[in-house]
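S.K.: So I've got this file, structure.txt, and it contains compact mmCIF, C-alpha atoms:
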# COMPACT_ATOMS: atom_id res chain seq x y z
CA MET A 1044 73.72 96.35 102.68
CA ARG A 1045 74.26 98.12 99.38
CA VAL A 1046 76.55 101.12 98.93
CA GLU A 1047 76.87 103.02 95.68
CA ARG A 1048 79.30 105.56 94.30
CA GLU A 1049 81.27 105.95 97.51
CA PRO A 1050 84.67 107.66 97.20
CA ALA A 1051 87.29 105.25 98.49
CA CYS A 1052 91.05 105.00 98.86
CA VAL A 1053 92.69 101.58 99.13
CA LEU A 1054 94.79 101.25 102.28
CA HIS A 1055 95.95 97.72 101.66
CA THR A 1056 95.27 94.70 99.48
CA ARG A 1057 95.96 91.05 100.10
CA PRO A 1058 95.56 88.13 97.71
CA TRP A 1059 92.63 85.88 98.52
CA ARG A 1060 92.13 82.43 96.99
CA GLU A 1061 93.19 82.15 93.36
CA THR A 1062 91.97 85.36 91.80
CA SER A 1063 90.36 87.53 94.48
CA LEU A 1064 91.64 90.41 96.54
CA LEU A 1065 90.90 91.40 100.10
CA LEU A 1066 90.77 95.19 100.28
CA GLU A 1067 90.89 97.57 103.19
CA VAL A 1068 89.58 100.92 102.02
CA LEU A 1069 89.06 104.31 103.60
CA THR A 1070 85.80 106.09 102.78
CA PRO A 1071 84.22 109.26 104.11
CA GLY A 1072 80.78 107.87 104.86
CA HIS A 1073 81.62 104.37 106.10
CA GLY A 1074 85.11 104.90 107.47
CA ARG A 1075 87.42 101.93 107.13
CA VAL A 1076 85.76 99.07 105.26
CA GLY A 1077 86.96 95.55 104.51
CA LEU A 1078 85.88 94.35 101.07
CA ILE A 1079 86.39 91.39 98.83
CA GLN A 1080 86.91 91.87 95.11
CA ARG A 1081 86.48 88.81 92.96
CA ALA A 1082 88.37 88.09 89.75
CA ALA A 1083 90.72 90.98 90.49
CA ARG A 1084 94.02 89.15 90.05
CA GLY A 1085 95.72 86.94 87.55
CA GLY A 1086 94.63 88.84 84.45
CA ARG A 1087 96.98 90.83 82.24
CA ARG A 1088 95.78 94.14 83.61
CA ALA A 1089 96.59 95.53 87.03
CA PRO A 1090 93.57 95.71 89.36
CA ALA A 1091 91.94 99.14 89.51
CA ALA A 1092 91.76 98.90 93.30
CA ARG A 1093 95.30 99.40 94.49
CA PRO A 1094 96.85 101.79 97.01
CA PHE A 1095 97.39 105.50 96.37
CA ARG A 1096 94.43 106.07 94.08
CA LEU A 1097 91.08 107.72 94.63
CA LEU A 1098 88.31 105.43 93.42
CA ARG A 1099 84.54 105.39 93.29
CA MET A 1100 83.24 102.08 94.53
CA ASP A 1101 80.01 100.16 94.79
CA TRP A 1102 79.71 97.19 97.10
CA ARG A 1103 77.05 95.00 98.57
CA GLY A 1104 76.70 92.13 100.98
CA ARG A 1105 76.23 91.32 104.60
CA GLY A 1106 78.77 90.64 107.29
CA ASP A 1107 82.39 91.63 107.60
CA LEU A 1108 83.40 91.41 103.96
CA PRO A 1109 80.93 92.77 101.41
CA THR A 1110 81.74 92.26 97.72
CA VAL A 1111 82.89 95.02 95.39
CA THR A 1112 80.52 95.36 92.48
CA GLN A 1113 82.27 98.26 90.79
CA ALA A 1114 85.57 100.12 91.22
CA GLU A 1115 86.25 103.07 89.01
CA LEU A 1116 89.36 105.24 89.11
CA LEU A 1117 88.63 108.90 89.88
CA GLU A 1118 92.27 109.97 90.04
CA PRO A 1119 95.62 108.51 90.98
CA PHE A 1120 97.77 110.36 93.50
CA PRO A 1121 100.70 111.00 91.20
CA GLY A 1122 104.36 110.84 92.08
CA LEU A 1123 104.09 108.51 95.04
CA THR A 1124 107.38 106.76 94.47
CA GLY A 1125 110.50 106.40 96.56
CA LEU A 1126 110.42 108.08 99.94
CA ALA A 1127 106.96 109.54 99.26
CA ALA A 1128 105.65 105.99 98.80
CA VAL A 1129 107.15 104.88 102.11
CA CYS A 1130 105.47 107.88 103.78
CA GLY A 1131 102.21 106.96 102.04
CA LEU A 1132 102.49 103.44 103.41
CA TYR A 1133 103.07 104.90 106.87
CA VAL A 1134 99.82 106.86 106.54
CA ASN A 1135 98.05 103.68 105.44
CA GLU A 1136 99.53 101.49 108.16
CA LEU A 1137 98.70 104.03 110.87
CA THR A 1138 95.11 104.29 109.60
CA LEU A 1139 94.74 100.52 109.37
CA ARG A 1140 96.06 100.01 112.87
CA LEU A 1141 94.16 102.75 114.68
CA LEU A 1142 90.89 103.36 112.87
CA PRO A 1143 88.23 100.78 113.70
CA ARG A 1144 86.01 99.56 110.86
CA GLY A 1145 82.76 101.37 110.30
CA LEU A 1146 83.49 104.68 112.05
CA PRO A 1147 82.53 107.41 109.51
CA VAL A 1148 85.34 109.91 108.94
CA PRO A 1149 83.95 112.70 106.74
CA GLU A 1150 86.58 115.13 108.03
CA LEU A 1151 89.58 112.79 107.95
CA PHE A 1152 88.98 111.55 104.39
CA PRO A 1153 89.81 114.84 102.63
CA VAL A 1154 92.88 115.23 104.86
CA TYR A 1155 93.97 111.73 103.80
CA CYS A 1156 93.59 112.63 100.11
CA ARG A 1157 95.37 115.94 100.57
CA SER A 1158 98.23 114.21 102.41
CA LEU A 1159 98.84 111.77 99.57
CA THR A 1160 98.62 114.54 96.96
CA GLU A 1161 101.13 116.68 98.85
CA LEU A 1162 103.51 113.78 99.43
CA GLY A 1163 103.40 113.08 95.70
CA HIS A 1164 104.18 116.72 94.93
CA GLY A 1165 107.25 116.67 97.15
CA ALA A 1166 105.96 118.54 100.22
CA PRO A 1167 108.14 118.05 103.35
CA PRO A 1168 106.97 114.61 104.50
CA ASP A 1169 107.22 115.32 108.23
CA VAL A 1170 104.86 118.30 108.02
CA VAL A 1171 102.33 116.25 106.02
CA LEU A 1172 102.59 113.26 108.35
CA ARG A 1173 102.19 115.37 111.53
CA ARG A 1174 99.02 116.97 110.17
CA TYR A 1175 97.59 113.60 109.26
CA GLU A 1176 98.46 112.12 112.67
CA LEU A 1177 96.73 115.05 114.37
CA HIS A 1178 93.58 114.63 112.27
CA LEU A 1179 93.56 110.88 112.81
CA LEU A 1180 93.75 111.44 116.58
CA ARG A 1181 90.90 113.91 116.24
CA ALA A 1182 88.76 111.37 114.34
CA LEU A 1183 89.44 108.86 117.11
CA GLY A 1184 88.50 111.35 119.82
CA TYR A 1185 92.04 111.72 121.19
CA ALA A 1186 92.89 115.14 119.78
CA PRO A 1187 95.26 117.11 121.99
CA VAL A 1188 94.15 120.57 123.14
CA LEU A 1189 96.84 122.85 121.76
CA GLU A 1190 95.50 126.36 122.16
CA ARG A 1191 94.67 126.26 125.88
CA ASP A 1192 96.83 124.99 128.71
CA ALA A 1193 95.77 122.58 131.46
CA ARG A 1194 94.16 125.41 133.40
CA GLY A 1195 92.28 126.81 130.46
CA ARG A 1196 94.54 129.77 129.79
CA ALA A 1197 95.51 130.70 126.23
CA VAL A 1198 98.81 129.11 125.23
CA SER A 1199 101.57 131.69 124.92
CA ALA A 1200 103.87 131.41 121.89
CA ARG A 1201 106.83 132.14 124.16
CA GLY A 1202 105.79 129.67 126.87
CA ARG A 1203 107.33 126.22 127.54
CA TYR A 1204 105.06 123.28 128.35
CA ARG A 1205 105.02 119.59 128.97
CA TYR A 1206 102.23 117.56 127.43
CA ASP A 1207 100.46 115.42 129.98
CA ARG A 1208 98.09 112.87 128.41
CA GLU A 1209 95.47 113.44 131.08
CA ARG A 1210 95.73 117.17 131.62
CA GLY A 1211 97.11 118.62 128.39
CA LEU A 1212 99.71 121.38 128.21
CA VAL A 1213 101.23 122.04 131.64
CA PRO A 1214 103.49 125.09 131.88
CA VAL A 1215 107.15 124.37 132.78
CA PRO A 1216 108.51 124.41 135.47
CA ALA A 1217 105.24 123.16 137.03
CA GLY A 1218 106.56 119.80 135.85
CA GLY A 1219 104.96 116.41 135.29
CA GLY A 1220 105.89 113.84 132.64
CA GLY A 1221 105.51 114.00 128.90
CA PRO A 1222 107.49 115.63 126.14
CA LEU A 1223 108.56 119.28 126.27
CA ILE A 1224 106.85 121.51 123.76
CA SER A 1225 107.05 125.24 123.19
CA GLY A 1226 103.86 127.28 122.98
CA ASP A 1227 105.05 128.32 119.57
CA THR A 1228 105.05 124.69 118.32
CA ALA A 1229 101.69 123.88 119.92
CA LEU A 1230 100.07 126.81 118.10
CA ALA A 1231 101.84 126.06 114.81
CA LEU A 1232 100.65 122.43 114.96
CA ALA A 1233 97.10 123.53 115.77
CA ASN A 1234 97.11 125.85 112.76
CA GLY A 1235 98.79 123.41 110.40
CA ARG A 1236 101.82 125.68 109.98
CA LEU A 1237 104.83 123.77 111.33
CA GLY A 1238 107.97 125.72 110.52
CA ASN A 1239 111.59 125.07 111.49
CA ALA A 1240 113.31 121.82 112.42
CA ALA A 1241 112.90 122.38 116.17
CA GLN A 1242 109.12 122.76 115.81
CA ARG A 1243 108.90 119.66 113.63
CA ARG A 1244 110.89 117.65 116.15
CA GLU A 1245 108.74 118.77 119.06
CA ALA A 1246 105.55 118.06 117.13
CA ARG A 1247 106.84 114.59 116.19
CA ASP A 1248 107.64 113.79 119.84
CA LEU A 1249 104.27 115.05 121.04
CA LEU A 1250 102.28 113.07 118.46
CA ARG A 1251 104.31 109.94 119.08
CA HIS A 1252 103.61 110.36 122.81
CA LEU A 1253 99.89 110.40 121.96
CA LEU A 1254 99.92 107.66 119.30
CA ASP A 1255 102.14 105.09 120.99
CA PRO A 1256 99.76 104.04 123.76
CA LEU A 1257 97.05 103.55 121.10
CA LEU A 1258 99.38 101.46 118.95
CA GLY A 1259 100.42 99.19 121.79
CA GLU A 1260 103.37 96.80 121.68
CA ARG A 1261 103.33 95.88 117.99
CA PRO A 1262 105.79 98.05 116.05
CA LEU A 1263 104.83 100.09 112.99
CA HIS A 1264 106.83 98.48 110.19
CA SER A 1265 106.68 101.48 107.86
CA ARG A 1266 108.00 103.72 110.64
CA ALA A 1267 110.97 101.35 111.10
CA LEU A 1268 111.56 101.51 107.35
CA LEU A 1269 111.48 105.33 107.38
CA HIS A 1270 114.01 105.38 110.23
CA ARG A 1271 116.27 103.02 108.32
CA LEU A 1272 116.18 105.26 105.24
CA GLN A 1273 116.82 108.39 107.29
CA ALA A 1274 119.75 106.76 109.11
CA ALA A 1275 121.26 105.66 105.77
CA ARG A 1276 120.94 109.19 104.45
CA ARG A 1277 122.61 110.66 107.53
CA ASN A 1278 125.53 108.19 107.20
CA GLU A 1279 125.94 109.17 103.59
CA SER A 1280 126.04 112.91 104.23
CA SER A 1281 128.36 112.71 107.26
CA MET B 132 88.53 62.22 103.00
CA ALA B 133 86.07 59.72 101.50
CA GLY B 134 87.33 56.17 101.96
CA GLY B 135 90.64 57.47 103.22
CA GLY B 136 92.65 55.26 100.81
CA LEU B 137 95.85 56.06 98.91
CA VAL B 138 93.94 57.31 95.88
CA GLU B 139 92.07 59.87 97.96
CA ALA B 140 95.30 60.84 99.71
CA LEU B 141 96.91 61.59 96.34
CA ILE B 142 93.91 63.65 95.20
CA GLU B 143 94.14 65.60 98.42
CA ALA B 144 97.91 66.09 98.04
CA PHE B 145 97.65 67.54 94.51
CA GLN B 146 95.47 70.32 95.83
CA CYS B 147 98.44 72.05 97.45
CA LEU B 148 99.33 73.27 93.94
CA PRO B 149 98.13 76.73 92.88
CA GLY B 150 95.17 76.55 90.50
CA VAL B 151 94.41 72.92 91.35
CA GLY B 152 91.01 72.20 92.90
CA PRO B 153 89.38 68.86 93.70
CA LYS B 154 88.34 68.18 90.09
CA THR B 155 91.72 68.80 88.50
CA ALA B 156 93.42 66.87 91.30
CA ARG B 157 91.18 63.91 90.59
CA ARG B 158 91.96 64.06 86.85
CA MET B 159 95.70 64.21 87.54
CA THR B 160 95.48 61.27 89.92
CA TYR B 161 93.51 59.04 87.53
CA HIS B 162 95.80 59.96 84.66
CA LEU B 163 98.94 59.00 86.57
CA LEU B 164 97.51 55.80 88.03
CA GLU B 165 95.74 54.54 84.91
CA ARG B 166 97.98 55.69 82.09
CA ASP B 167 101.39 56.77 83.28
CA ARG B 168 102.80 54.88 86.26
CA ASP B 169 106.36 55.66 85.10
CA GLY B 170 105.57 59.33 84.97
CA ALA B 171 104.17 59.04 88.47
CA ARG B 172 107.37 57.41 89.73
CA ARG B 173 109.52 60.05 88.04
CA LEU B 174 107.36 62.80 89.53
CA ALA B 175 107.59 61.28 93.00
CA ARG B 176 111.38 60.94 92.77
CA ALA B 177 111.86 64.48 91.47
CA LEU B 178 109.58 65.90 94.15
CA THR B 179 111.34 64.05 96.96
CA GLN B 180 114.80 64.99 95.77
CA ALA B 181 113.91 68.64 95.19
CA ALA B 182 112.13 68.97 98.51
CA GLU B 183 115.10 67.41 100.33
CA ARG B 184 118.00 69.05 98.56
CA VAL B 185 117.04 72.40 97.02
CA GLY B 186 118.09 75.40 99.04
CA HIS B 187 119.13 78.97 98.27
CA CYS B 188 122.22 80.15 96.42
CA ARG B 189 124.66 81.80 98.80
CA ARG B 190 125.22 84.73 96.42
CA CYS B 191 121.86 85.42 94.80
CA ARG B 192 119.33 83.49 96.95
CA ASN B 193 117.83 81.76 93.91
CA LEU B 194 116.73 78.15 94.27
CA THR B 195 119.53 75.63 93.78
CA GLU B 196 120.88 72.40 95.22
CA SER B 197 124.47 73.73 95.02
CA GLU B 198 126.04 76.26 97.29
CA VAL B 199 126.32 78.67 94.34
CA CYS B 200 123.79 78.45 91.50
CA ALA B 201 124.66 77.89 87.83
CA LEU B 202 123.99 81.53 86.86
CA CYS B 203 126.27 82.88 89.60
CA ALA B 204 129.00 80.36 88.74
CA ASP B 205 128.91 81.12 84.99
CA PRO B 206 132.14 83.00 84.12
CA GLN B 207 130.58 84.17 80.81
CA ARG B 208 128.11 86.43 82.59
CA ASP B 209 128.86 90.11 83.06
CA ALA B 210 130.00 90.65 86.66
CA ARG B 211 129.48 94.41 86.38
CA LEU B 212 125.67 94.08 86.27
CA LEU B 213 123.35 92.91 89.04
CA CYS B 214 119.63 92.66 88.37
CA VAL B 215 117.45 92.57 91.49
CA VAL B 216 114.15 90.71 91.11
CA GLU B 217 111.36 89.53 93.42
CA SER B 218 111.10 85.85 92.51
CA PRO B 219 112.84 82.91 90.77
CA ALA B 220 110.15 83.16 88.07
CA ASP B 221 111.44 86.67 87.27
CA VAL B 222 114.99 85.30 86.87
CA ALA B 223 113.71 82.66 84.48
CA ALA B 224 111.79 85.27 82.47
CA ILE B 225 114.73 87.68 82.16
CA ALA B 226 117.53 85.14 81.76
CA GLY B 227 115.56 83.06 79.27
CA GLY B 228 113.75 85.74 77.33
CA THR B 229 116.09 88.73 77.05
CA ALA B 230 119.63 89.62 76.04
CA TYR B 231 120.55 90.50 79.64
CA ARG B 232 123.88 88.82 80.45
CA GLY B 233 124.58 90.09 83.96
CA HIS B 234 124.00 88.51 87.34
CA PHE B 235 120.86 88.33 89.49
CA PHE B 236 119.76 88.75 93.06
CA VAL B 237 116.44 87.21 94.12
CA LEU B 238 114.60 88.83 97.02
CA MET B 239 112.06 86.01 97.37
CA GLY B 240 109.38 88.63 98.05
CA ARG B 241 109.16 92.39 98.46
CA LEU B 242 109.08 94.85 101.31
CA SER B 243 105.54 95.08 102.60
CA PRO B 244 105.38 96.93 105.90
CA LEU B 245 101.62 96.42 106.16
CA ASP B 246 102.11 92.66 105.99
CA GLY B 247 105.01 92.84 108.42
CA ILE B 248 107.60 91.94 105.75
CA GLY B 249 110.77 93.87 106.51
CA PRO B 250 114.33 94.19 105.12
CA GLU B 251 115.63 90.99 106.77
CA ASP B 252 112.78 88.92 105.34
CA ILE B 253 113.86 89.68 101.78
CA GLY B 254 117.57 89.17 102.40
CA LEU B 255 118.73 92.78 102.23
CA ASP B 256 121.55 91.83 104.61
CA VAL B 257 122.78 89.27 102.03
CA LEU B 258 122.33 91.85 99.27
CA GLU B 259 124.38 94.36 101.26
CA ARG B 260 127.33 91.95 101.23
CA ARG B 261 126.79 91.26 97.54
CA LEU B 262 126.94 94.99 96.77
CA GLU B 263 130.37 95.16 98.39
CA GLU B 264 131.87 92.62 95.95
CA ALA B 265 134.60 93.90 93.64
CA GLY B 266 133.79 94.47 89.97
CA LEU B 267 130.12 95.41 90.40
CA GLU B 268 129.19 98.68 88.68
CA GLU B 269 125.44 98.81 88.10
CA VAL B 270 122.36 97.63 89.96
CA VAL B 271 119.30 97.07 87.73
CA LEU B 272 116.08 97.29 89.73
CA ALA B 273 113.51 94.90 88.28
CA THR B 274 111.02 94.65 91.12
CA ASN B 275 107.34 94.75 90.11
CA PRO B 276 105.70 98.12 89.42
CA THR B 277 103.41 97.78 92.46
CA VAL B 278 103.50 100.04 95.52
CA GLU B 279 105.52 97.44 97.44
CA GLY B 280 107.83 96.82 94.49
CA GLU B 281 108.50 100.57 94.21
CA VAL B 282 109.26 100.88 97.91
CA THR B 283 111.60 97.89 97.70
CA ALA B 284 113.34 99.44 94.67
CA HIS B 285 113.76 102.72 96.55
CA VAL B 286 115.40 101.09 99.58
CA ILE B 287 117.79 99.06 97.41
CA ALA B 288 118.59 102.15 95.32
CA GLU B 289 119.61 104.04 98.47
CA MET B 290 121.79 101.11 99.59
CA SER B 291 123.46 100.93 96.18
CA ARG B 292 124.04 104.66 95.75
CA ALA B 293 125.64 104.80 99.20
CA ARG B 294 128.26 102.44 97.74
CA GLY B 295 128.83 104.56 94.65
CA LEU B 296 127.06 102.14 92.29
CA ARG B 297 125.06 103.19 89.25
CA VAL B 298 121.35 102.48 89.77
CA THR B 299 118.84 101.90 86.96
CA ARG B 300 115.18 100.88 86.97
CA ILE B 301 113.48 98.86 84.24
CA ALA B 302 111.21 101.01 82.05
CA ARG B 303 107.43 100.94 82.33
CA GLY B 304 104.76 101.49 79.74
CA VAL B 305 102.64 99.94 77.06
CA PRO B 306 103.28 96.21 76.53
CA VAL B 307 104.71 95.20 73.15
CA GLY B 308 101.92 93.97 70.89
CA GLY B 309 99.33 95.58 73.17
CA GLU B 310 96.72 98.11 72.21
CA LEU B 311 96.64 101.58 73.69
CA GLU B 312 92.92 101.69 74.33
CA TYR B 313 93.21 98.72 76.70
CA ALA B 314 96.10 100.11 78.73
CA ASP B 315 95.03 101.67 82.02
CA ALA B 316 95.41 105.41 82.57
CA SER B 317 98.42 105.33 84.88
CA THR B 318 100.36 103.02 82.53
CA LEU B 319 99.65 105.36 79.62
CA GLU B 320 100.63 108.34 81.72
CA GLU B 321 103.99 106.77 82.57
CA ALA B 322 104.53 105.69 78.98
CA LEU B 323 103.98 109.29 77.82
CA GLU B 324 106.18 110.70 80.54
CA ALA B 325 109.03 108.35 79.65
CA ARG B 326 108.72 108.90 75.88
CA ARG B 327 111.93 108.85 73.88
CA GLU B 328 113.42 110.52 70.82
CA TYR B 329 112.39 108.49 67.77
Could I get this file's structure written as structure tokens?
M.R.:
Amino acid sequence: MRVEREPACVLHTRPWRETSLLLEVLTPGHGRVGLIQRAARGGRRAPAARPFRLLRMDWRGRGDLPTVTQAELLEPFPGLTGLAAVCGLYVNELTLRLLPRGLPVPELFPVYCRSLTELGHGAPPDVVLRRYELHLLRALGYAPVLERDARGRAVSARGRYRYDRERGLVPVPAGGGGPLISGDTALALANGRLGNAAQRREARDLLRHLLDPLLGERPLHSRALLHRLQAARRNESS
Amino acid sequence: MAGGGLVEALIEAFQCLPGVGPKTARRMTYHLLERDRDGARRLARALTQAAERVGHCRRCRNLTESEVCALCADPQRDARLLCVVESPADVAAIAGGTAYRGHFFVLMGRLSPLDGIGPEDIGLDVLERRLEEAGLEEVVLATNPTVEGEVTAHVIAEMSRARGLRVTRIARGVPVGGELEYADASTLEEALEARREY
């Protein structure tokens, strides 16, 4: 197989042998792809293919690990340092864990790029991360229905619901398991307009409820790191 | 292993070194056995002793056979400064090649959530205790300018600031003696951003 001039973002790199790199990249047309880049390490210059940059890549080869024949920087996502970088790694880890190789994601790719750009520009990380989680679920075919309840009625902004994985939004007090979510939050999440802290908390709980069964037992290390940083910050301010 | 003798075993053993393939291993083996038996004995002794006795310094985690390494025990070094680096090679580079006279802390790696390397794996619990020691004023972050190095620097910066310590990060930019046209775009961008009065 031969692919040319495909936009790609590096999710992760790992050293391979003496001078090569194993890359996991996200592309619109080929989804997540594992690649091998030869002679990418050990020189004086940093490899072009590293996380948080939009590249244009050519690769060719059969099997699981085609070889990169060209990697050209289109633009870096600037400002991804500190907390923004940890959030960026969370986006990468989530993508790596949940997205199978080879599933084209033409709609998720621009959301990925936009998420990194916004994180770099200091947008509230939780809003950016919730939107990305929602789009990732959508790409995987697990998107929650947020504008209609379990019986097909329009969600009311003033209503209270529980989110049941099988049925969707079930009005309270009809009951069932799952996290509580206000109609207001469900609609804000659907429209990409999460507002106050309560909405962000409810959206986080809902998305975690949907993501966790897909992630399984193995913890997300970047999520643990984010929690650690948040806890440290709370200790400091209290 | 062809023949399976001692010579082949030595050739095989050399290949655990980075950058050493079968050919180089063979050359090293023949050199030692034909021309430098004494060197071979010295090498064997040094390897055995180091492998048996070298551990990590209790204060900075650098490699040493003592409980506290020579750098940490040196009273001439400035106890107000602590430079945090990823590897013993970084200590050697900074201690040997610069005017830095403070102390070090060696992480022996960097945070890499996607490889499952977390805070405990790089000794942040040991660092936490080190940050509490009296007399320390400034933490110099000298982790590599990679994504993982940046994330590691950020976490250590938060830990240090929470204890009221001054936090600095080594500068980034164009290498001395380098040429601008060969520097990559993001390095140049950072160099321009961090420009100084001249």
S.K.: Centre and edge lengths of an axis-aligned box around all listed atoms of stretch 1103-1119 of chain A, with 3 Å added on each side, are to be given in Å to one decimal, as JSON.
M.R.:
{"center_x": 85.9, "center_y": 100.3, "center_z": 98.3, "size_x": 25.4, "size_y": 25.3, "size_z": 24.6}
S.K.: Ranking A:Glu1209, A:Glu1245, A:Glu1136, A:Glu1260 by minimum distance to chain B and counting only C-alpha atoms, which one comes first?
M.R.: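 Residue with the minimum atom-to-atom distance to chain B: A:Glu1136.
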S.K.: For a quick test of understanding: name the residues of chain B lying within 10 Å of chain A when counting only C-alpha atoms, and present them as a PyMOL selection string.
M.R.: chain B and resi 149-151+242-250+276-286+288-290+292-294+313-318+320
S.K.: May I ask for the distance between atom CA of A:Val1215 and atom CA of A:Gly1202, given in Å to one decimal place?
M.R.: 8.1 Å
S.K.: Return the single residue from B:Leu163, B:Val298, B:Ala210, B:Leu238 that is closest to B:Cys191, with distances computed using only C-alpha atoms.
M.R.: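 Comparing B:Leu163, B:Val298, B:Ala210, B:Leu238 against B:Cys191, the winner is B:Leu238.
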S.K.: Which is closest to B:Asp209 among B:Arg232, B:His187, B:Arg303, B:Arg157, if we use all atoms listed in the file?
M.R.: B:Arg232
S.K.: Rounded to one decimal in Å, what is the spacing between atom CA of A:Asp1101 and atom CA of A:Phe1152?
M.R.: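 Computing the Euclidean distance for atom CA of A:Asp1101 and atom CA of A:Phe1152 yields 17.4 Å.
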S.K.: Have a look at atom CA of A:Leu1249 and atom CA of A:Leu1183 and let me know their distance in Å, one decimal.
M.R.: 16.5 Å
S.K.: In terms of the shortest atom-to-atom distance over all atoms listed in the file, which of A:Val1213, A:Leu1117, A:Leu1141, A:Leu1162 is closest to A:Val1188?
M.R.: A:Val1213
S.K.: Just the residues within 8 Å of B:Phe236, please, counting all atoms listed in the file, with nothing from its chain fewer than 6 positions along; format it as a PDB file with C-alpha atoms, in the frame of the given file.
M.R.:
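Generated file (part.pdb):
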ATOM      1  CA  ARG B 190     125.220  84.730  96.420  1.00  0.00           C
ATOM      2  CA  CYS B 191     121.860  85.420  94.800  1.00  0.00           C
ATOM      3  CA  ARG B 192     119.330  83.490  96.950  1.00  0.00           C
ATOM      4  CA  ASN B 193     117.830  81.760  93.910  1.00  0.00           C
ATOM      5  CA  LEU B 213     123.350  92.910  89.040  1.00  0.00           C
ATOM      6  CA  CYS B 214     119.630  92.660  88.370  1.00  0.00           C
ATOM      7  CA  VAL B 215     117.450  92.570  91.490  1.00  0.00           C
ATOM      8  CA  VAL B 216     114.150  90.710  91.110  1.00  0.00           C
ATOM      9  CA  LEU B 258     122.330  91.850  99.270  1.00  0.00           C
TER      10      LEU B 258
END
S.K.: What lies within 10 Å of A:Thr1228 using only C-alpha atoms, ignoring chain neighbours under 6 positions off, as a ChimeraX atom specification?
M.R.: /A:1189,1200-1203,1234,1236-1239,1241-1246
S.K.: Using only C-alpha atoms, can you tell me which of B:Ala201, B:Gly170, B:Arg260, B:Pro306 comes closest to B:Ala322?
M.R.: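 Of all the options, B:Pro306 lies closest to B:Ala322.
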S.K.: Go ahead and find all residues with at least one atom no further than 10 Å from (102.1, 117.6, 128.2) in the file's coordinates, using only C-alpha atoms; report them as a list of chain:residue names.
M.R.: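 Nearby residues: A:Pro1187, A:Val1188, A:Leu1189, A:Asp1192, A:Ala1193, A:Tyr1204, A:Arg1205, A:Tyr1206, A:Asp1207, A:Arg1208, A:Glu1209, A:Arg1210, A:Gly1211, A:Leu1212, A:Val1213, A:Pro1214, A:Val1215, A:Gly1218, A:Gly1219, A:Gly1220, A:Gly1221, A:Pro1222, A:Leu1223, A:Ile1224, A:Leu1249, A:His1252, A:Leu1253.
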S.K.: Measuring between all atoms listed in the file, which one of A:Val1053, A:Leu1064, A:Leu1142, A:Leu1108 shows the shortest distance to A:Leu1078?
M.R.: A:Leu1108
